[in-house]
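Asks: The following block contains the structure, expressed as structure tokens.
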Amino acid sequence: MSSPAEFYNSLPPISKAYGTLCVLFTTAYQFGLFHPAYIALIYERVFKRLEVWRLITNFFFLGKFSINFGIRLLMIARYGVQLENGPFQRRTADFLWMMTFGAFTLLALSAIPWFWTPFLGVSLVFMLLYVWSREFPNANINIYGLVTLKAFYLPWAMLALDVIFGSELMPDLLGIIAGHLYYFLTVLHPLAGGKNMLKTPLWVQKLVTRWRIGAPTNTHAQPDRTTGGAFRGRSYRLGG
């Protein structure tokens with residue numbers, strides 16, 4: 001069994017960086033180093049007072065230390081890591097672009113008053129969960145030892161559980177919307193004969209290369225897009 005340090009060092013770079021930032025923000029909050037209101041997504045302050053950091057910092061706060069915080073962190077450590085080590089293996093730039101696109105989409109959705117939520121970290125985590133569920137739709141998932149279901153249904157099951165236990169519906173729903181939009185544009189639409197309208201920009205690839213983030217892009221390790229469907233995923237095998 002590996003030590004915690006070995007496990008942490010083995011994590012892929014983007015999932016590790018995002019999870020670490022979420023832990024650091026929550027730890028700083030628990031020690032009273034800042035109030036969440038200073039990092040929340042408040043568009044009035046962004047545009048009128050130029051507090052542009054809010055467009056970024058709101059993604060790193062998953063709430064105070066709690067069971068819900070632990071579940072969200074485990075979702076990053078499991079589903080984000082399996083995505084980055086599976087469908088996005090040796091495609092660090094593509095994974096970073098997926099999360100960047102997701103963040104932009106969530107910011108745009110949250111600009112609609114009915115969809116607004118002050119912190120989009122949970123939504124971004126739910127986007128990872130949704131994309132993972134589409135990449136590994138036939139994986140069997142056991143929820144709290146009570147029920148086993150296909151991974152395809154996991155985002156909806158987690159959303160239902162959050163509602164039952166009193167959490168807000170909107171953050172989870174926004175993540176599902178962003179995840180489906182990404183998956184539709186990059187997988188479903190091309191499978192139907194359309195063009196991939198969401199290719200990773202060159203500046204993202206250059207950023208990853210310059211900062212030596214992850215492994216170099218392997219052009220031969222692209223997903224199999226010749227077959228597909230609601231329960232087919234992209235022909236990647238889920239590791240044990």
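Simple scheme: letters A, B, ... for chains in structure tokens order, numbers from 1 for residues in each chain, numbers from 1 for ligands in the order shown.
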Determine, counting only C-alpha atoms, which protein, DNA and RNA residues have an atom within 12 Å of an atom of segment 140-148 of chain A; residues of the same chain fewer than 4 positions away are not included. Present the result as a list in words.
Replies: Ile71, Tyr79, Ser133, Phe136, Phe152, Tyr153, Leu154, Pro155, Ala157, Met158, Leu161, Leu238 and Gly240 of chain A
Asks: Write the residues of the preceding selection, restricted to N, CA, C and O atoms, as a PDB file, in the first residue's frame.
Replies:
ATOM      1  N   ILE A  71     -16.770  14.529   0.038  1.00  0.00           N
ATOM      2  CA  ILE A  71     -17.308  13.829  -1.128  1.00  0.00           C
ATOM      3  C   ILE A  71     -16.857  14.510  -2.413  1.00  0.00           C
ATOM      4  O   ILE A  71     -16.447  13.854  -3.372  1.00  0.00           O
ATOM      5  N   TYR A  79     -12.832  10.585 -10.131  1.00  0.00           N
ATOM      6  CA  TYR A  79     -13.333  10.761 -11.496  1.00  0.00           C
ATOM      7  C   TYR A  79     -12.437  11.683 -12.325  1.00  0.00           C
ATOM      8  O   TYR A  79     -12.205  11.420 -13.508  1.00  0.00           O
ATOM      9  N   SER A 133     -18.895   9.927 -16.483  1.00  0.00           N
ATOM     10  CA  SER A 133     -20.014   8.989 -16.635  1.00  0.00           C
ATOM     11  C   SER A 133     -20.300   8.681 -18.103  1.00  0.00           C
ATOM     12  O   SER A 133     -20.799   7.600 -18.426  1.00  0.00           O
ATOM     13  N   PHE A 136     -17.210   6.331 -19.294  1.00  0.00           N
ATOM     14  CA  PHE A 136     -17.259   4.974 -18.734  1.00  0.00           C
ATOM     15  C   PHE A 136     -18.702   4.616 -18.363  1.00  0.00           C
ATOM     16  O   PHE A 136     -18.998   4.323 -17.204  1.00  0.00           O
ATOM     17  N   PHE A 152     -23.435   5.666 -16.139  1.00  0.00           N
ATOM     18  CA  PHE A 152     -24.195   6.606 -16.960  1.00  0.00           C
ATOM     19  C   PHE A 152     -25.213   7.384 -16.131  1.00  0.00           C
ATOM     20  O   PHE A 152     -25.500   8.552 -16.413  1.00  0.00           O
ATOM     21  N   TYR A 153     -25.768   6.745 -15.096  1.00  0.00           N
ATOM     22  CA  TYR A 153     -26.818   7.367 -14.290  1.00  0.00           C
ATOM     23  C   TYR A 153     -26.277   8.049 -13.029  1.00  0.00           C
ATOM     24  O   TYR A 153     -27.044   8.664 -12.286  1.00  0.00           O
ATOM     25  N   LEU A 154     -24.988   7.933 -12.780  1.00  0.00           N
ATOM     26  CA  LEU A 154     -24.427   8.419 -11.519  1.00  0.00           C
ATOM     27  C   LEU A 154     -24.650   9.911 -11.279  1.00  0.00           C
ATOM     28  O   LEU A 154     -25.008  10.303 -10.161  1.00  0.00           O
ATOM     29  N   PRO A 155     -24.432  10.806 -12.263  1.00  0.00           N
ATOM     30  CA  PRO A 155     -24.659  12.234 -11.990  1.00  0.00           C
ATOM     31  C   PRO A 155     -26.071  12.529 -11.508  1.00  0.00           C
ATOM     32  O   PRO A 155     -26.274  13.343 -10.596  1.00  0.00           O
ATOM     33  N   ALA A 157     -28.107  10.394 -10.025  1.00  0.00           N
ATOM     34  CA  ALA A 157     -28.281   9.812  -8.690  1.00  0.00           C
ATOM     35  C   ALA A 157     -27.662  10.718  -7.628  1.00  0.00           C
ATOM     36  O   ALA A 157     -28.259  10.938  -6.552  1.00  0.00           O
ATOM     37  N   MET A 158     -26.468  11.257  -7.900  1.00  0.00           N
ATOM     38  CA  MET A 158     -25.823  12.153  -6.949  1.00  0.00           C
ATOM     39  C   MET A 158     -26.617  13.452  -6.787  1.00  0.00           C
ATOM     40  O   MET A 158     -26.722  13.992  -5.689  1.00  0.00           O
ATOM     41  N   LEU A 161     -29.534  12.641  -4.530  1.00  0.00           N
ATOM     42  CA  LEU A 161     -29.105  12.508  -3.142  1.00  0.00           C
ATOM     43  C   LEU A 161     -28.818  13.879  -2.517  1.00  0.00           C
ATOM     44  O   LEU A 161     -29.148  14.116  -1.346  1.00  0.00           O
ATOM     45  N   LEU A 238     -12.016   0.905 -17.904  1.00  0.00           N
ATOM     46  CA  LEU A 238     -11.900   1.449 -16.559  1.00  0.00           C
ATOM     47  C   LEU A 238     -10.976   0.586 -15.744  1.00  0.00           C
ATOM     48  O   LEU A 238     -11.206  -0.627 -15.614  1.00  0.00           O
ATOM     49  N   GLY A 240      -8.990  -0.921 -12.396  1.00  0.00           N
ATOM     50  CA  GLY A 240      -9.497  -1.383 -11.124  1.00  0.00           C
ATOM     51  C   GLY A 240      -8.971  -0.581  -9.980  1.00  0.00           C
ATOM     52  O   GLY A 240      -8.134   0.253 -10.106  1.00  0.00           O
TER      53      GLY A 240
END
Asks: For segment 199-209 of chain A, work out the shell of residues within 10 Å, counting only C-alpha atoms and skipping chain neighbours fewer than 4 positions away, then give it as a PyMOL selection string.
Replies: chain A and resi 91-98+100-101+185-186+195+213-217
Asks: Could you take the residues named above and write them with C-alpha atoms, as a short mmCIF file (atom, residue, chain, number, x, y, z; two decimals), in the first residue's frame?
Replies:
data_model
loop_
_atom_site.label_atom_id
_atom_site.label_comp_id
_atom_site.auth_asym_id
_atom_site.auth_seq_id
_atom_site.Cartn_x
_atom_site.Cartn_y
_atom_site.Cartn_z
CA ARG A 91 -3.45 14.76 -23.53
CA THR A 92 -2.88 17.20 -20.67
CA ALA A 93 -3.65 20.23 -22.84
CA ASP A 94 -6.99 18.72 -23.86
CA PHE A 95 -7.92 18.03 -20.24
CA LEU A 96 -6.94 21.55 -19.19
CA TRP A 97 -8.99 22.95 -22.08
CA MET A 98 -11.99 20.85 -21.02
CA THR A 100 -11.28 25.85 -18.95
CA PHE A 101 -14.23 25.51 -21.31
CA LEU A 185 -19.46 19.31 -29.02
CA THR A 186 -16.40 17.06 -28.78
CA LYS A 195 -17.02 18.78 -37.06
CA ILE A 213 2.74 20.24 -17.32
CA GLY A 214 2.06 16.52 -17.64
CA ALA A 215 3.18 14.38 -20.57
CA PRO A 216 3.71 15.62 -24.10
CA THR A 217 0.68 15.25 -26.35
#
Asks: Could you tell me which of A:Ser10, A:Gly193, A:Ser3, A:Gly175 comes closest to Asn85 of chain A if we count only C-alpha atoms?
Replies: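 Closest residue, counting only C-alpha atoms: A:Ser10.
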Asks: Using only C-alpha atoms for the distances, tell me which of A:Leu55, A:Val131, A:Val163, A:Leu73 is nearest to Leu24 of chain A.
Replies: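 Nearest candidate to Leu24 of chain A out of A:Leu55, A:Val131, A:Val163, A:Leu73: A:Leu73.
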Asks: Using only C-alpha atoms, which of the listed residues (A:Pro87, A:Pro113, A:Gly194, A:Gly102) sits closest to Ile176 of chain A?
Replies: A:Gly102
Asks: Measuring atom to atom with only C-alpha atoms, identify which of A:Thr105, A:Gln82, A:Ser123, A:Ser167 is nearest to Phe60 of chain A.
Replies: A:Ser123
Asks: Return the single residue from A:Ile76, A:Ala5, A:Ala178, A:Val52 that is closest to Ala103 of chain A, with distances computed using only C-alpha atoms.
Replies: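 Answer, going by the shortest atom-to-atom distance: A:Ala178.
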Asks: Just the residues within 7 Å of Phe59 of chain A, please, counting only C-alpha atoms, with nothing from its chain fewer than 3 positions along; format it as a compact mmCIF listing (two decimals) with C-alpha atoms, in the first residue's frame.
Replies:
# COMPACT_ATOMS: atom_id res chain seq x y z
CA ILE A 56 -11.38 32.54 -10.86
CA PHE A 119 -19.41 29.50 -5.93
CA LEU A 120 -18.99 27.30 -8.99
CA GLY A 121 -16.50 24.79 -7.59
Asks: Taking only C-alpha atoms into account, name the residue in A:Leu173, A:Ser2, A:Glu135, A:Phe165 that is nearest to Gly86 of chain A.
Replies: A:Glu135
Asks: At what distance in Å, to one decimal, does atom CA of Tyr8 of chain A lie from atom CA of Phe126 of chain A?
Replies: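 So the answer is 21.6 Å.
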Asks: As number ranges by chain, list the residues of segment 6-214 of chain A assigned to alpha helix (DSSP H) by DSSP on the backbone atoms of this structure.
Replies: A: 6-10, 13-30, 43-48, 54-57, 67-75, 81-85, 92-110, 121-135, 154-164, 169-183, 189-191, 202-210
Asks: If you run DSSP on the backbone, which residues of segment 3-239 of chain A are strand (DSSP E), as a list in words?
Replies: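 So the strand (DSSP E) residues in segment 3-239 of chain A would be Asn140, Ile141, Asn142, Ile143, Val147, Thr148, Leu149 and Lys150 of chain A.
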Asks: How about saving the chosen residues, all heavy atoms kept, as a PDB file, in the first residue's frame?
Replies:
ATOM      1  N   ASN A 140     -19.881  -0.274 -13.173  1.00  0.00           N
ATOM      2  CA  ASN A 140     -20.839  -0.482 -12.086  1.00  0.00           C
ATOM      3  C   ASN A 140     -20.416   0.332 -10.868  1.00  0.00           C
ATOM      4  O   ASN A 140     -19.284   0.233 -10.401  1.00  0.00           O
ATOM      5  CB  ASN A 140     -20.929  -1.960 -11.722  1.00  0.00           C
ATOM      6  CG  ASN A 140     -21.589  -2.782 -12.816  1.00  0.00           C
ATOM      7  OD1 ASN A 140     -22.583  -2.356 -13.407  1.00  0.00           O
ATOM      8  ND2 ASN A 140     -21.040  -3.954 -13.097  1.00  0.00           N
ATOM      9  N   ILE A 141     -21.314   1.140 -10.362  1.00  0.00           N
ATOM     10  CA  ILE A 141     -21.043   2.013  -9.228  1.00  0.00           C
ATOM     11  C   ILE A 141     -21.952   1.644  -8.069  1.00  0.00           C
ATOM     12  O   ILE A 141     -23.176   1.532  -8.229  1.00  0.00           O
ATOM     13  CB  ILE A 141     -21.273   3.498  -9.597  1.00  0.00           C
ATOM     14  CG1 ILE A 141     -20.390   3.886 -10.770  1.00  0.00           C
ATOM     15  CG2 ILE A 141     -20.998   4.394  -8.399  1.00  0.00           C
ATOM     16  CD1 ILE A 141     -18.917   3.811 -10.493  1.00  0.00           C
ATOM     17  N   ASN A 142     -21.355   1.448  -6.904  1.00  0.00           N
ATOM     18  CA  ASN A 142     -22.113   1.151  -5.696  1.00  0.00           C
ATOM     19  C   ASN A 142     -22.225   2.421  -4.863  1.00  0.00           C
ATOM     20  O   ASN A 142     -21.208   3.025  -4.517  1.00  0.00           O
ATOM     21  CB  ASN A 142     -21.436   0.038  -4.903  1.00  0.00           C
ATOM     22  CG  ASN A 142     -22.262  -0.402  -3.707  1.00  0.00           C
ATOM     23  OD1 ASN A 142     -22.261   0.239  -2.673  1.00  0.00           O
ATOM     24  ND2 ASN A 142     -22.965  -1.514  -3.868  1.00  0.00           N
ATOM     25  N   ILE A 143     -23.429   2.837  -4.558  1.00  0.00           N
ATOM     26  CA  ILE A 143     -23.660   4.070  -3.810  1.00  0.00           C
ATOM     27  C   ILE A 143     -23.973   3.732  -2.364  1.00  0.00           C
ATOM     28  O   ILE A 143     -25.037   3.186  -2.044  1.00  0.00           O
ATOM     29  CB  ILE A 143     -24.818   4.885  -4.422  1.00  0.00           C
ATOM     30  CG1 ILE A 143     -24.483   5.263  -5.868  1.00  0.00           C
ATOM     31  CG2 ILE A 143     -25.092   6.133  -3.603  1.00  0.00           C
ATOM     32  CD1 ILE A 143     -25.543   6.079  -6.548  1.00  0.00           C
ATOM     33  N   VAL A 147     -27.184   0.606  -3.281  1.00  0.00           N
ATOM     34  CA  VAL A 147     -27.666   0.331  -4.631  1.00  0.00           C
ATOM     35  C   VAL A 147     -26.502   0.373  -5.613  1.00  0.00           C
ATOM     36  O   VAL A 147     -25.555   1.137  -5.436  1.00  0.00           O
ATOM     37  CB  VAL A 147     -28.750   1.354  -5.039  1.00  0.00           C
ATOM     38  CG1 VAL A 147     -28.183   2.772  -5.056  1.00  0.00           C
ATOM     39  CG2 VAL A 147     -29.366   1.003  -6.397  1.00  0.00           C
ATOM     40  N   THR A 148     -26.573  -0.487  -6.612  1.00  0.00           N
ATOM     41  CA  THR A 148     -25.567  -0.517  -7.679  1.00  0.00           C
ATOM     42  C   THR A 148     -26.230  -0.086  -8.984  1.00  0.00           C
ATOM     43  O   THR A 148     -27.314  -0.562  -9.319  1.00  0.00           O
ATOM     44  CB  THR A 148     -24.972  -1.921  -7.839  1.00  0.00           C
ATOM     45  OG1 THR A 148     -24.338  -2.307  -6.610  1.00  0.00           O
ATOM     46  CG2 THR A 148     -23.931  -1.948  -8.945  1.00  0.00           C
ATOM     47  N   LEU A 149     -25.572   0.812  -9.699  1.00  0.00           N
ATOM     48  CA  LEU A 149     -26.120   1.293 -10.956  1.00  0.00           C
ATOM     49  C   LEU A 149     -24.999   1.562 -11.938  1.00  0.00           C
ATOM     50  O   LEU A 149     -23.831   1.626 -11.569  1.00  0.00           O
ATOM     51  CB  LEU A 149     -26.952   2.553 -10.744  1.00  0.00           C
ATOM     52  CG  LEU A 149     -26.233   3.874 -10.428  1.00  0.00           C
ATOM     53  CD1 LEU A 149     -27.175   5.040 -10.628  1.00  0.00           C
ATOM     54  CD2 LEU A 149     -25.711   3.884  -9.001  1.00  0.00           C
ATOM     55  N   LYS A 150     -25.362   1.715 -13.196  1.00  0.00           N
ATOM     56  CA  LYS A 150     -24.394   2.032 -14.231  1.00  0.00           C
ATOM     57  C   LYS A 150     -23.906   3.467 -14.059  1.00  0.00           C
ATOM     58  O   LYS A 150     -24.655   4.356 -13.660  1.00  0.00           O
ATOM     59  CB  LYS A 150     -25.014   1.858 -15.619  1.00  0.00           C
ATOM     60  CG  LYS A 150     -25.405   0.430 -15.967  1.00  0.00           C
ATOM     61  CD  LYS A 150     -24.183  -0.470 -16.065  1.00  0.00           C
ATOM     62  CE  LYS A 150     -24.578  -1.868 -16.528  1.00  0.00           C
ATOM     63  NZ  LYS A 150     -23.392  -2.773 -16.603  1.00  0.00           N
TER      64      LYS A 150
END
Asks: One decimal, Å: what's the distance from atom CA of Leu33 of chain A over to atom CA of Arg54 of chain A, could you say?
Replies: 16.6 Å
Asks: Could you pull the residues within 12 Å of Trp114 of chain A, counting only C-alpha atoms, minus those fewer than 5 positions along the same chain, as an mmCIF file with all heavy atoms, in the first residue's frame?
Replies:
data_model
loop_
_atom_site.group_PDB
_atom_site.id
_atom_site.type_symbol
_atom_site.label_atom_id
_atom_site.label_comp_id
_atom_site.auth_asym_id
_atom_site.auth_seq_id
_atom_site.Cartn_x
_atom_site.Cartn_y
_atom_site.Cartn_z
ATOM 1 N N LEU A 109 -23.393 30.765 -17.757
ATOM 2 C CA LEU A 109 -24.689 30.336 -17.224
ATOM 3 C C LEU A 109 -25.037 31.080 -15.947
ATOM 4 O O LEU A 109 -26.188 31.479 -15.729
ATOM 5 C CB LEU A 109 -24.671 28.822 -16.966
ATOM 6 C CG LEU A 109 -24.660 27.917 -18.193
ATOM 7 C CD1 LEU A 109 -24.441 26.466 -17.772
ATOM 8 C CD2 LEU A 109 -25.963 28.046 -18.971
ATOM 9 N N MET A 170 -29.088 23.772 -7.905
ATOM 10 C CA MET A 170 -28.544 24.500 -9.042
ATOM 11 C C MET A 170 -27.075 24.194 -9.338
ATOM 12 O O MET A 170 -26.714 23.999 -10.507
ATOM 13 C CB MET A 170 -28.740 25.999 -8.852
ATOM 14 C CG MET A 170 -28.496 26.817 -10.117
ATOM 15 S SD MET A 170 -29.507 26.249 -11.523
ATOM 16 C CE MET A 170 -31.156 26.623 -10.909
ATOM 17 N N PRO A 171 -26.166 24.160 -8.348
ATOM 18 C CA PRO A 171 -24.760 23.874 -8.669
ATOM 19 C C PRO A 171 -24.576 22.544 -9.400
ATOM 20 O O PRO A 171 -23.814 22.461 -10.375
ATOM 21 C CB PRO A 171 -24.071 23.871 -7.305
ATOM 22 C CG PRO A 171 -24.922 24.761 -6.463
ATOM 23 C CD PRO A 171 -26.325 24.480 -6.917
ATOM 24 N N LEU A 174 -26.002 22.838 -13.030
ATOM 25 C CA LEU A 174 -25.123 23.615 -13.911
ATOM 26 C C LEU A 174 -23.949 22.764 -14.389
ATOM 27 O O LEU A 174 -23.534 22.841 -15.552
ATOM 28 C CB LEU A 174 -24.609 24.858 -13.180
ATOM 29 C CG LEU A 174 -25.620 25.970 -12.918
ATOM 30 C CD1 LEU A 174 -24.962 27.102 -12.137
ATOM 31 C CD2 LEU A 174 -26.212 26.499 -14.207
#
Asks: Please compute the atom CA of Gly179 of chain A-atom CA of Leu129 of chain A distance, one decimal, in Å.
Replies: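 Taking atom CA of Gly179 of chain A and atom CA of Leu129 of chain A, their separation equals 8.2 Å.
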